[in-house]
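Engineer: Please see the structure below; I have some questions.
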Amino acid sequence: MEQHKSRLGYTLGMLSLFLCGAVFFLIGFFPASYSVAEDDSSVPGGRPTSLHGVKLEPPPPSYDSFILFLIDALRDDFPNATSMPISHSTACEKLSLHVDIPTVTMPRLKSLTTGTLSNFIDIALNIGHTEQLEDSLLHRLKKQKRVVSFAGDHTWVKLFPSEFTRHAANNDSFFVNDFYEGDKSVSKVLDSELQQEDWFLLVLHYLGLDHIGHVEGNTSPRVQLKLREMDEAVQKILEHKKSSNYLLMLSGDHGMADGGGHGGNTPEETLVPLYLYSRNCSKTTAGSKRYNQIDFTPTLSVLMSVEIPTPSIGCLIPEMLQSMSLEHQMYAYFYNAHHLLNKARVKFGHDQVRRSDYYTWYQNATLLHKKLLQPLREGGSGASNVHYQNAKLNYMRVAREISSLLSESLVKFDYGFIVLGLTLTTVTSLHIVISVLYLDLTQQLQLDSLKAGQLLISLAMGILLNLTCHGLDLILISSTWHSILLTIPITLSVYLTFDVAQALLKIALPPIYTRRLKLSIPLPLPLLACFAIRTLTLGSSSFIEQEYKTWYYLGNSLILLTAFRTLRRRITKANVELDGRHLYTVASTCLWQLRKVFVMLMLLTLMRYLHRLQAIRSTITIFSLLLLWARLHHHNQLLQSVASGAALFLVYCFRGLNGQVQFFELAPYLISRIMVPTLVMFWCCLALVLVLGYLAALPQTKSFGDLPPRQVLLQLLQTNLTCSLLLSALLQKVQNIILLPVLLVALQQSYKLCDVFATSARKFSVRLVHVYKIILTIFLARMFYFYQGNSNSLSTIDLTPGYIGQTSYNPVIVGFFVTLNTYSAEIHAFLYLMVHTLRADLRNVGIMQLQPPYSIAADSLIVPLYAALIMLPASFYLCLMVGFRYHLFIYSVFSPKVLYDCYTVLVFYLVFLVTSLYFKLFKNDA
């Protein structure tokens, strides 16, 4: 009994170590910054002042003032003659910029201002911590004491806390329900700045379009209204008479996916427009040439007559340089190539650069450039256009070639952290699998308890490995204290490796030495096949992008296979009892008994097409809420059921007030006044359900009276499940609410199929039934995760639920709501499995008479095995990431998937942590 009770702590420890390993892996695979300080500091600074002995003068600023008009999530096809007529018709140049991933705001701003690529892990830093940049275009302007003014997204101020002369940041930039107020404040700043003449650069960052996309999607009517509003702001700048010589640049930081989100790598997310406006615009162009977003920084630097930021690896955009004289254009191309060549020398070495083709191109270009200097300075009459074009072409070839090489070389891996992370994740997964599946072996090897001798040896080896890794520069840590602390996870990984090695050695020994060891859970072939298929598909980028199809197929196939095995078992048993008579009657009766299962399979098929049911969503919503209430009413007290029903009714009212379902026609001012009280009443009903559930259980904690401890535990977990489902009903999209009750129905029917196998203790044990239930639970949870509209692309993360009922941005509440909404199926499937297990124990079903109580099985088998089956694919995928680290789609396909998998383990860890606290508080009696 004590061994069973220790399993929760053991599982919690293994999960904690796994997550630590995942963090170490991510630190090593996605370093916090691409730029290496020592490399950048070695690059010669300053603009070149001579060319083969001929003196050069850097050109002056091409314009008196510059305006960067940035519209968040403005994708390339948004500005057109209908949506933004003024902006579209008056642009001097219409260009396109290719945006690198991740397509979120903070890394895009870093690329716009530094000219270098951002790390993929910047997507995690986009919300919360934002590093301060040390060198950028704004830093260069500050050195020249230029006046720079800013209004808009507060991310700019976090990146550049002291580089703006004046700034007006929107403090609620992450509050996606704000479509207009933040943009109005930016426009007010624009009005005031246009009246002043001291600024050299004005940065405007409008966020309303991005917020509309997150909440209502890219097809929302508000998108066109917002584009018209932005067009009017552009018109206001163009009509301002005081700006005699200016350059207005209209662009977006990233695009918008078809669903309204961003973060992925689709063309809609990675292509943004770049429209240019100036007073001396001679003609407008109809074509659209494409450049990289990192090319914006060096181009703007030469136009502003400041030094190109040291981290920049971009090339020049020729269309932006047409206002410059030919001599100054030639200097700009030379300067950009010279800057990149210096970075290449530092990165690859002088000898390798001299042997390269691009160095030959550079020499040819400089010789032609020198020949052109005298004619160009005399007015260009003697300058050969052929020489000019050849020199320009060679400079651009040099820049593009070096830029491409530097982009590839920016990928840096800290292999020490990667190996440490892989060791921790792999050995913890294997450790818990061996501990669960080979219980007899576990008892012999004592995997659940610490061994002092082994721990001391592991500590010695951990210290030695730590010193070796730092000596060989396999692990790069600047802090000595952090280096010392790193000994702890290294020691734990060595200790666990010893444990796993001993266990595998025991299993691999000849039968004469292992005849006492028995496999506690003989897993059937179909279960192993399904998990093997699912795991092997992780090695294909196409399977990752279309992973939902794998789960649809495997989930339904596994349920259908289980149903047919149940049917065969029932027919065989009935046929034996009837001595072979009336086989047709027996078969038809058994089929009728499985009618609910086949209806469930039909429902699961229909769940794939939820997005096509918009026309009848009011009816579906009512049906979904009633079905959910019926499922909750079946297991709750009367007062709890009434409160749950009221909460679900208020959910429908809230959706009706938002215009998502049919509701009474009310005046707009009435809707705004009723919305908040509706949500307040919902929270009151939810709190009432929670209080009633806990009051029914907690008074029993001292004496327990006639209520056994397992009943208290069941009451608490059931209350948590009910409250979580009610809150999810509020957060889910209207068409997805039906997924909540259908998931419960699917789990219940699947568990009934599994219980049939426990009627005979000779062939099937309770442990095998639990394995069936765990695997079915995981498969159904993943199926419903994708039914909800989720994917392995970051652009499908729905941020809207995080702001329901919120009037400002609170990262904790937003993170909790978004996580609960996104991982609703995962959370509720696990909680329902625990509730079902305890409920079956208390009802004293047939299985109870054959084996120990379900509650003990939940402690000793269900939770550890569930954790193992969540951890194993994730650890396998981390190993694949190392093998595919130079794959073409490593950052666009594989990297988002690894973040999703690690976060899935984290969500399970948090849910399990809460659940395990209840198990510890209410220890089960045998």
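Please note that chains go A, B, ... in the order of the structure tokens, that every chain numbers its residues from 1, and that ligands are numbered from 1 in the order shown.
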With a distance cut-off of 12 Å and only C-alpha atoms, select the neighbouring residues of A:Ile488, excluding the residue or stretch itself and same-chain residues fewer than 4 positions from it, and output the selection as a list in words.

Structural biologist: Leu17, Cys20, Gly21, Leu420, Leu424, Leu455, Ser458, Leu459, Ala460, Met461, Gly462, Ile463, Leu465, Asn466, His482, Ser483, Ile484, Leu492, Ser493, Val494 and Tyr495 of chain A

Engineer: With the cut-off set at 10 Å and counting only C-alpha atoms, tabulate each residue of stretch 182-273 of chain A with an atom at most that distance from an atom of stretch 138-155 of chain A, showing the nearest atom pair and its distance in Å to one decimal, ordered by chain and increasing number, as JSON lines.

Structural biologist:
```
{"residue": "A:Gly182", "atom": "CA", "partner": "A:Gly152", "partner_atom": "CA", "distance": 7.5}
{"residue": "A:Asp183", "atom": "CA", "partner": "A:Gly152", "partner_atom": "CA", "distance": 7.5}
{"residue": "A:Lys184", "atom": "CA", "partner": "A:Gly152", "partner_atom": "CA", "distance": 9.9}
{"residue": "A:Ser185", "atom": "CA", "partner": "A:Gly152", "partner_atom": "CA", "distance": 8.1}
{"residue": "A:Val186", "atom": "CA", "partner": "A:Ala151", "partner_atom": "CA", "distance": 5.4}
{"residue": "A:Ser187", "atom": "CA", "partner": "A:Ala151", "partner_atom": "CA", "distance": 8.5}
{"residue": "A:Lys188", "atom": "CA", "partner": "A:Ala151", "partner_atom": "CA", "distance": 9.3}
{"residue": "A:Val189", "atom": "CA", "partner": "A:Ala151", "partner_atom": "CA", "distance": 6.6}
{"residue": "A:Leu190", "atom": "CA", "partner": "A:Ala151", "partner_atom": "CA", "distance": 7.9}
{"residue": "A:Glu193", "atom": "CA", "partner": "A:Ser149", "partner_atom": "CA", "distance": 8.1}
{"residue": "A:Glu197", "atom": "CA", "partner": "A:Val147", "partner_atom": "CA", "distance": 9.9}
{"residue": "A:Asp198", "atom": "CA", "partner": "A:Val147", "partner_atom": "CA", "distance": 6.6}
{"residue": "A:Trp199", "atom": "CA", "partner": "A:Val147", "partner_atom": "CA", "distance": 4.6}
{"residue": "A:Phe200", "atom": "CA", "partner": "A:Val147", "partner_atom": "CA", "distance": 5.4}
{"residue": "A:Leu201", "atom": "CA", "partner": "A:Val148", "partner_atom": "CA", "distance": 4.9}
{"residue": "A:Leu202", "atom": "CA", "partner": "A:Ser149", "partner_atom": "CA", "distance": 4.9}
{"residue": "A:Val203", "atom": "CA", "partner": "A:Phe150", "partner_atom": "CA", "distance": 4.7}
{"residue": "A:Leu204", "atom": "CA", "partner": "A:Ala151", "partner_atom": "CA", "distance": 5.2}
{"residue": "A:His205", "atom": "CA", "partner": "A:Gly152", "partner_atom": "CA", "distance": 4.5}
{"residue": "A:Tyr206", "atom": "CA", "partner": "A:Gly152", "partner_atom": "CA", "distance": 5.9}
{"residue": "A:Leu207", "atom": "CA", "partner": "A:Asp153", "partner_atom": "CA", "distance": 6.9}
```

Engineer: Excluding same-chain residues fewer than 4 positions from stretch 398-410 of chain A, what lies within 6 Å of it counting only C-alpha atoms, as a list in words?

Structural biologist: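 My reading of the contact set: Tyr34, Ile313, Cys315, Ala337 and Tyr358 of chain A.
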
Engineer: Please write the residues from the selection above to a file, keeping C-alpha atoms, as a compact mmCIF listing (two decimals), in the first residue's frame.

Structural biologist:
```txt
# COMPACT_ATOMS: atom_id res chain seq x y z
CA TYR A 34 21.63 35.09 -32.54
CA ILE A 313 23.20 41.43 -42.56
CA CYS A 315 21.19 44.23 -48.54
CA ALA A 337 29.14 45.43 -49.52
CA TYR A 358 32.35 37.10 -53.84
```

Engineer: For A:Thr266, please output as a ChimeraX atom specification all residues within 10 Å (counting only C-alpha atoms; exclusion window: fewer than 5 positions along the same chain).

Structural biologist: /A:101,103,255-258,271,793,795,892

Engineer: Residues of the last selection are to be written out with C-alpha atoms, as an mmCIF file, in the first residue's frame.

Structural biologist:
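Just written: selection.cif:
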```cif
data_model
loop_
_atom_site.group_PDB
_atom_site.id
_atom_site.type_symbol
_atom_site.label_atom_id
_atom_site.label_comp_id
_atom_site.auth_asym_id
_atom_site.auth_seq_id
_atom_site.Cartn_x
_atom_site.Cartn_y
_atom_site.Cartn_z
ATOM 1 C CA ILE A 101 9.683 33.565 -38.832
ATOM 2 C CA THR A 103 5.925 36.251 -37.467
ATOM 3 C CA GLY A 255 1.059 39.580 -42.028
ATOM 4 C CA MET A 256 -2.174 37.903 -41.005
ATOM 5 C CA ALA A 257 -3.189 34.291 -41.555
ATOM 6 C CA ASP A 258 -6.540 33.424 -43.068
ATOM 7 C CA LEU A 271 4.550 38.937 -46.950
ATOM 8 C CA SER A 793 1.119 26.288 -36.533
ATOM 9 C CA SER A 795 -1.034 31.196 -36.088
ATOM 10 C CA SER A 892 8.763 26.792 -39.868
#
```

Engineer: As an NGL selection string, please: every residue in stretch 213-375 of chain A that a backbone DSSP assignment puts in alpha helix (DSSP H).

Structural biologist: :A and (213-216 or 221-238 or 267-270 or 296-304 or 326-348 or 350-354 or 357-375)

Engineer: For stretch 862-879 of chain A, list every protein, DNA or RNA residue within 7 Å, evaluated using only C-alpha atoms, and leave out those in the same chain fewer than 3 positions away; present the list as a PyMOL selection string.

Structural biologist: chain A and resi 11+422+425-426+429+432-433+436+535+538+770+774+857-859+882-883+901-902+905

Engineer: Please, could you write that set of residues out with C-alpha atoms as a PDB file, in the first residue's frame?

Structural biologist:
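File written: out.pdb
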```pdb
ATOM      1  CA  THR A  11       5.599  10.615 -10.946  1.00  0.00           C
ATOM      2  CA  LEU A 422      18.020  15.018 -24.114  1.00  0.00           C
ATOM      3  CA  THR A 425      13.994  13.884 -20.966  1.00  0.00           C
ATOM      4  CA  THR A 426      14.928  10.464 -22.344  1.00  0.00           C
ATOM      5  CA  SER A 429      10.623   8.819 -19.839  1.00  0.00           C
ATOM      6  CA  ILE A 432       8.837   5.910 -15.535  1.00  0.00           C
ATOM      7  CA  VAL A 433       7.892   3.428 -18.299  1.00  0.00           C
ATOM      8  CA  VAL A 436       5.129   1.214 -14.474  1.00  0.00           C
ATOM      9  CA  THR A 535       5.351   8.436 -33.078  1.00  0.00           C
ATOM     10  CA  LEU A 538       6.773  12.891 -36.279  1.00  0.00           C
ATOM     11  CA  HIS A 770      -6.704   0.565 -17.391  1.00  0.00           C
ATOM     12  CA  ILE A 774      -5.552   5.449 -20.789  1.00  0.00           C
ATOM     13  CA  ALA A 857      -4.847   1.665  -9.464  1.00  0.00           C
ATOM     14  CA  ALA A 858      -5.212   5.369 -10.224  1.00  0.00           C
ATOM     15  CA  ASP A 859      -2.393   6.078  -7.808  1.00  0.00           C
ATOM     16  CA  VAL A 882      18.678  17.268 -33.225  1.00  0.00           C
ATOM     17  CA  GLY A 883      18.748  15.086 -36.336  1.00  0.00           C
ATOM     18  CA  ASP A 901       4.667  19.192 -27.282  1.00  0.00           C
ATOM     19  CA  CYS A 902       6.640  20.642 -24.379  1.00  0.00           C
ATOM     20  CA  VAL A 905       3.586  18.153 -20.929  1.00  0.00           C
TER      21      VAL A 905
END
```

Engineer: Measuring between only C-alpha atoms, which one of A:Val54, A:Ile571, A:Ala643, A:Ala391 shows the shortest distance to A:Trp683?

Structural biologist: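 Comparing A:Val54, A:Ile571, A:Ala643, A:Ala391 against A:Trp683, the winner is A:Ala643.
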
Engineer: Rounded to one decimal in Å, what is the spacing between atom CA of A:Thr719 and atom CA of A:Leu747?

Structural biologist: 18.1 Å
